[in-house]
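Heads up, the thing below is written out as structure tokens.
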Amino acid sequence: MKNELRIVITGIGVIAPNGIGKDAFWQALQEGISGIRPILSIDTTYFKSKLAAECADFNAAEFLGAKGLRNLDRATLLVTSAAKLALDDAGLEISEANTDDIGVATATTLSVAVDIAAFTKEVVDDGAQMVNPALFPPTTMNFPSSHIAIRYKIKGFNSTISTGYTAGLDALKYAMDLIKAGRARAALVAGVESFSFANFVGFYKAGFLSGRRGEELCCPFDNRRNGIILGEAATVIVVEDEEFARQRQARIYARVLGVKSFFDAYRSADYAPKSRGLKQSMVKVLEEARLSEEDIDYICSAANSVKQQDKLETEAIKEVFNIYAEQIPVSSIKSMVGESISAAGCLQIAASVAAITKGFIPPTINYEVPDPECDLDYVPNVSRKADVKNVLINNFGPGGNNAAAVISRYE
């Protein structure tokens, strides 16, 4: 019987609201440091919501140099910078000898809205004959992913995954499938969303932002929760088949044991009331990983401070894990980095690698008022030392997409 191909994580690059670089991000998680602050990039005078998780200290020139950045949008600057950090961390040198064996899968959904708005405004204001042609390329969804490949000369597959809240884990699944099919030996799995006025107004008008109907704060599982704090981030994870990583003597952080996703065909901007897809994702990924419920040491939660989302995830965990649900720590890093949609999954992967390699569980900060309907161990306010071998990561949100992944200590 042929040995099963194993997928490992060898590099991590993070641009997050509470830390730039993997080590700064991990330290912020361990210390419970939030990146949520008053919004700097737009005028919030006429809005009740005034907070966001912006990467305020980010300067692309520090990572990419000063030349050639003028026509790149913020999402592309963020993710190409994170890609450099990930490649450096992995020690992966791309050459003509290996470039065809390396791919890129990028999760992004909303960042293009600001580019479409800018292009459309110039067409309307100045007329089609006078529009700046440089404004058009960033309106395409694959622009950030393409620029990762262009800058680092990656010539294998290049794909963009735009499934919203689950896009990060969906991109990981996509890359893993191509590696297992022999299409590549390694891949950069990227997740990025940028903060913009267009996205802020969209979520505000849709009623998803905290502050419209109560105190403005991000407090997953807390009874005061009333909506999301919108965030931005870019994270790139280098994944490889184990043999390729070992041949080049790479440091291996963790194994990816599985990713599963299911869709709730319910409503376009609402939650399926029984969260069947999330439950199926967790059940099936445990089967793929060949683990039992009691083998999971930590659940990196999708909870984002939306009343219904946090309750549904709690109920789903209790149903899937039964008697073990109360014993497994569950926490939401979104309490510190906000809801970054497509970028969230890769941020959660980076946080889960920290849990495994550094021996701590990130806290759910701002947890003060327990909700009787959310009654699990949410690691409130302070990180916890722990021996973590297996982590379950959940992604889901309104609209029907659900995904779960399991990563494990490399042995």
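Naming works like this for the structure tokens: A, B, ... for the chains as they're shown, residue 1 at the start of each chain, ligands 1 onward in shown order.
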
Would you mind listing, for every residue of segment 196-273 of chain A within 9 Å of segment 345-350 of chain A, the two atoms forming the shortest contact and the distance between them in Å to one decimal, using only C-alpha atoms, sorted by chain and ascending residue number, as JSON lines?
```
{"residue": "A:Ala233", "atom": "CA", "partner": "A:Leu347", "partner_atom": "CA", "distance": 8.0}
{"residue": "A:Ala234", "atom": "CA", "partner": "A:Leu347", "partner_atom": "CA", "distance": 7.8}
{"residue": "A:Thr235", "atom": "CA", "partner": "A:Cys346", "partner_atom": "CA", "distance": 5.7}
{"residue": "A:Val236", "atom": "CA", "partner": "A:Cys346", "partner_atom": "CA", "distance": 6.9}
{"residue": "A:Ile237", "atom": "CA", "partner": "A:Cys346", "partner_atom": "CA", "distance": 7.1}
```

Pull N, CA and C atoms from the residues just selected and write them as a tab-separated table (two decimals), in the first residue's frame.
```
chain	number	residue	atom	x	y	z
A	233	ALA	N	-6.39	42.29	7.42
A	233	ALA	CA	-5.19	41.50	7.72
A	233	ALA	C	-4.73	40.79	6.46
A	234	ALA	N	-3.50	40.33	6.50
A	234	ALA	CA	-2.99	39.43	5.46
A	234	ALA	C	-2.12	38.38	6.14
A	235	THR	N	-2.37	37.14	5.81
A	235	THR	CA	-1.57	36.03	6.34
A	235	THR	C	-1.27	35.07	5.20
A	236	VAL	N	-0.03	34.63	5.13
A	236	VAL	CA	0.37	33.64	4.13
A	236	VAL	C	0.98	32.45	4.85
A	237	ILE	N	0.47	31.27	4.53
A	237	ILE	CA	0.94	30.01	5.11
A	237	ILE	C	1.61	29.19	4.01
```

Determine, counting only C-alpha atoms, which protein, DNA and RNA residues have an atom within 9 Å of an atom of Ala190 of chain A; residues of the same chain fewer than 3 positions away are not included. Present the result as a PyMOL selection string. chain A and resi 79+82-83+104-108+145+168+171-172+234-238+343+346

Write out as a list in words which residues come within 10 Å of Trp26 of chain A when counting only C-alpha atoms, dropping same-chain ones fewer than 6 positions away. Val14, Asn18, Gly19, Ile20, Gly32, Ala350, Ala351, Ser352, Val353, Ala354, Ala355, Lys358, Phe360 and Pro362 of chain A

Between segment 136-208 of chain A and segment 271-283 of chain A, at 12 Å or less, what are the per-residue closest atom pairs and their distances in Å? Count only C-alpha atoms, order by chain and rising residue number, and return it as a tab-separated table.
```
residue	atom	partner	partner_atom	distance
A:Thr166	CA	A:Leu278	CA	10.9
A:Leu169	CA	A:Ser281	CA	11.4
A:Asp170	CA	A:Ser281	CA	11.8
```

Export, as a compact mmCIF listing (two decimals), in the first residue's frame, the selected residues with C-alpha atoms.
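Output contents, as saved in part_17.txt:
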```
# COMPACT_ATOMS: atom_id res chain seq x y z
CA THR A 166 -14.60 30.39 4.89
CA LEU A 169 -9.78 27.31 4.89
CA ASP A 170 -11.22 26.76 1.41
```

Which residue out of A:Gly35, A:Ile361, A:Ala405, A:Leu85 has the minimum interatomic distance to Ala289 of chain A when only C-alpha atoms are used? A:Ala405

Hey, what's within 12 Å of Tyr204 of chain A if we count only C-alpha atoms and toss same-chain stuff fewer than 4 positions away? As an MDAnalysis selection string, please? chainID A and resid 44 46:52 197:200 208:213 227:230

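Neighbours of Cys219 of chain A closer than or equal to 6 Å, with only C-alpha atoms counted and sequence neighbours fewer than 2 positions away skipped, come out as Asp222, Arg225, Ser305, Ser335, Asn366 and Tyr367 of chain A.
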
For those residues, write C-alpha atoms to a file as a PDB file, in the first residue's frame.
```pdb
ATOM      1  CA  ASP A 222     -20.285  37.602  26.057  1.00  0.00           C
ATOM      2  CA  ARG A 225     -22.235  41.258  22.080  1.00  0.00           C
ATOM      3  CA  SER A 305     -19.418  38.801  18.551  1.00  0.00           C
ATOM      4  CA  SER A 335     -11.852  39.459  20.042  1.00  0.00           C
ATOM      5  CA  ASN A 366     -13.477  41.430  26.683  1.00  0.00           C
ATOM      6  CA  TYR A 367     -15.332  38.517  28.263  1.00  0.00           C
TER       7      TYR A 367
END
```

Close residues, Leu291 of chain A itself excluded, 12 Å, only C-alpha atoms, min 5 positions apart in chain, as number ranges by chain: A: 257-258, 282-286, 296-297, 321, 389-392, 406-408

As a PDB file with N, CA and C atoms, in the first residue's frame, please: all residues of segment 114-151 of chain A that backbone DSSP puts in alpha helix (DSSP H).
```pdb
ATOM      1  N   VAL A 114     -13.406  48.493  -2.953  1.00  0.00           N
ATOM      2  CA  VAL A 114     -12.862  49.851  -2.962  1.00  0.00           C
ATOM      3  C   VAL A 114     -12.265  50.188  -4.323  1.00  0.00           C
ATOM      4  N   ASP A 115     -11.686  49.214  -5.005  1.00  0.00           N
ATOM      5  CA  ASP A 115     -11.100  49.455  -6.320  1.00  0.00           C
ATOM      6  C   ASP A 115     -12.185  49.668  -7.378  1.00  0.00           C
ATOM      7  N   ILE A 116     -13.252  48.887  -7.285  1.00  0.00           N
ATOM      8  CA  ILE A 116     -14.378  49.077  -8.200  1.00  0.00           C
ATOM      9  C   ILE A 116     -14.996  50.459  -7.992  1.00  0.00           C
ATOM     10  N   ALA A 117     -15.135  50.850  -6.722  1.00  0.00           N
ATOM     11  CA  ALA A 117     -15.708  52.160  -6.423  1.00  0.00           C
ATOM     12  C   ALA A 117     -14.847  53.290  -6.994  1.00  0.00           C
ATOM     13  N   ALA A 118     -13.529  53.179  -6.834  1.00  0.00           N
ATOM     14  CA  ALA A 118     -12.631  54.226  -7.333  1.00  0.00           C
ATOM     15  C   ALA A 118     -12.669  54.312  -8.859  1.00  0.00           C
ATOM     16  N   PHE A 119     -12.668  53.162  -9.527  1.00  0.00           N
ATOM     17  CA  PHE A 119     -12.725  53.145 -10.984  1.00  0.00           C
ATOM     18  C   PHE A 119     -14.046  53.721 -11.493  1.00  0.00           C
ATOM     19  N   THR A 120     -15.134  53.287 -10.868  1.00  0.00           N
ATOM     20  CA  THR A 120     -16.453  53.747 -11.288  1.00  0.00           C
ATOM     21  C   THR A 120     -16.602  55.255 -11.083  1.00  0.00           C
ATOM     22  N   LYS A 121     -16.110  55.752  -9.963  1.00  0.00           N
ATOM     23  CA  LYS A 121     -16.209  57.185  -9.679  1.00  0.00           C
ATOM     24  C   LYS A 121     -15.482  58.011 -10.744  1.00  0.00           C
ATOM     25  N   GLU A 122     -14.295  57.543 -11.150  1.00  0.00           N
ATOM     26  CA  GLU A 122     -13.542  58.299 -12.147  1.00  0.00           C
ATOM     27  C   GLU A 122     -14.240  58.247 -13.504  1.00  0.00           C
ATOM     28  N   VAL A 123     -14.845  57.110 -13.835  1.00  0.00           N
ATOM     29  CA  VAL A 123     -15.595  57.011 -15.086  1.00  0.00           C
ATOM     30  C   VAL A 123     -16.746  58.009 -15.083  1.00  0.00           C
ATOM     31  N   VAL A 124     -17.470  58.074 -13.965  1.00  0.00           N
ATOM     32  CA  VAL A 124     -18.626  58.970 -13.867  1.00  0.00           C
ATOM     33  C   VAL A 124     -18.187  60.437 -13.845  1.00  0.00           C
ATOM     34  N   ASP A 125     -17.148  60.741 -13.067  1.00  0.00           N
ATOM     35  CA  ASP A 125     -16.727  62.137 -12.899  1.00  0.00           C
ATOM     36  C   ASP A 125     -16.019  62.692 -14.131  1.00  0.00           C
ATOM     37  N   ASP A 126     -15.132  61.876 -14.734  1.00  0.00           N
ATOM     38  CA  ASP A 126     -14.283  62.398 -15.801  1.00  0.00           C
ATOM     39  C   ASP A 126     -14.649  61.892 -17.191  1.00  0.00           C
ATOM     40  N   PHE A 143      -6.249  39.962  -8.702  1.00  0.00           N
ATOM     41  CA  PHE A 143      -5.112  40.878  -8.750  1.00  0.00           C
ATOM     42  C   PHE A 143      -4.103  40.616  -7.626  1.00  0.00           C
ATOM     43  N   PRO A 144      -4.527  40.492  -6.348  1.00  0.00           N
ATOM     44  CA  PRO A 144      -3.543  40.226  -5.291  1.00  0.00           C
ATOM     45  C   PRO A 144      -2.794  38.914  -5.478  1.00  0.00           C
ATOM     46  N   SER A 145      -3.518  37.859  -5.836  1.00  0.00           N
ATOM     47  CA  SER A 145      -2.874  36.553  -6.002  1.00  0.00           C
ATOM     48  C   SER A 145      -1.882  36.566  -7.153  1.00  0.00           C
ATOM     49  N   SER A 146      -2.263  37.226  -8.240  1.00  0.00           N
ATOM     50  CA  SER A 146      -1.364  37.310  -9.387  1.00  0.00           C
ATOM     51  C   SER A 146      -0.073  38.026  -9.026  1.00  0.00           C
ATOM     52  N   HIS A 147      -0.190  39.078  -8.209  1.00  0.00           N
ATOM     53  CA  HIS A 147       1.008  39.841  -7.875  1.00  0.00           C
ATOM     54  C   HIS A 147       1.936  39.101  -6.912  1.00  0.00           C
ATOM     55  N   ILE A 148       1.384  38.203  -6.090  1.00  0.00           N
ATOM     56  CA  ILE A 148       2.273  37.338  -5.303  1.00  0.00           C
ATOM     57  C   ILE A 148       3.166  36.542  -6.261  1.00  0.00           C
ATOM     58  N   ALA A 149       2.529  35.931  -7.270  1.00  0.00           N
ATOM     59  CA  ALA A 149       3.275  35.100  -8.211  1.00  0.00           C
ATOM     60  C   ALA A 149       4.244  35.920  -9.054  1.00  0.00           C
ATOM     61  N   ILE A 150       3.820  37.098  -9.483  1.00  0.00           N
ATOM     62  CA  ILE A 150       4.677  37.938 -10.319  1.00  0.00           C
ATOM     63  C   ILE A 150       5.912  38.388  -9.539  1.00  0.00           C
ATOM     64  N   ARG A 151       5.695  38.850  -8.321  1.00  0.00           N
ATOM     65  CA  ARG A 151       6.828  39.378  -7.540  1.00  0.00           C
ATOM     66  C   ARG A 151       7.819  38.277  -7.170  1.00  0.00           C
TER      67      ARG A 151
END
```

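Closest approach to Ile341 of chain A from the set A:Ala167, A:Ala404, A:Cys55, A:Ile7 is made by A:Ala167, with distances taken over only C-alpha atoms.
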
Test item: residues at most 8 Å from Leu110 of chain A, only C-alpha atoms, excluding those fewer than 5 positions along its chain, as a list in words: Gly164, Glu193, Ser194, Asn199 and Ser342 of chain A

List every residue of segment 193-289 of chain A that DSSP, applied to the backbone, labels as strand (DSSP E), and write the result as a count of residues only. 20

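With only C-alpha atoms as the atoms that count, the minimum distance from Val306 of chain A to the choices A:Ala66, A:Leu188, A:Cys218, A:Ile161 is reached by A:Cys218.
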
Could you tell me which of A:Thr314, A:Ser340, A:Thr139, A:Ser159 comes closest to Pro372 of chain A if we count only C-alpha atoms? A:Thr314

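Straight-line separation from atom CA of Ile252 of chain A to atom CA of Val382 of chain A: 27.9 Å.
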
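Taking atom CA of Tyr410 of chain A as the reference point, atom CA of Val388 of chain A is found at 11.5 Å.
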
In Å to one decimal, how far is atom CA of Tyr378 of chain A from atom CA of Ala325 of chain A? 11.2 Å

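Minimum atom-to-atom distance to Ala254 of chain A, evaluated using only C-alpha atoms, belongs to A:Thr10 out of A:Asn142, A:Thr10, A:Asn381, A:Thr76.
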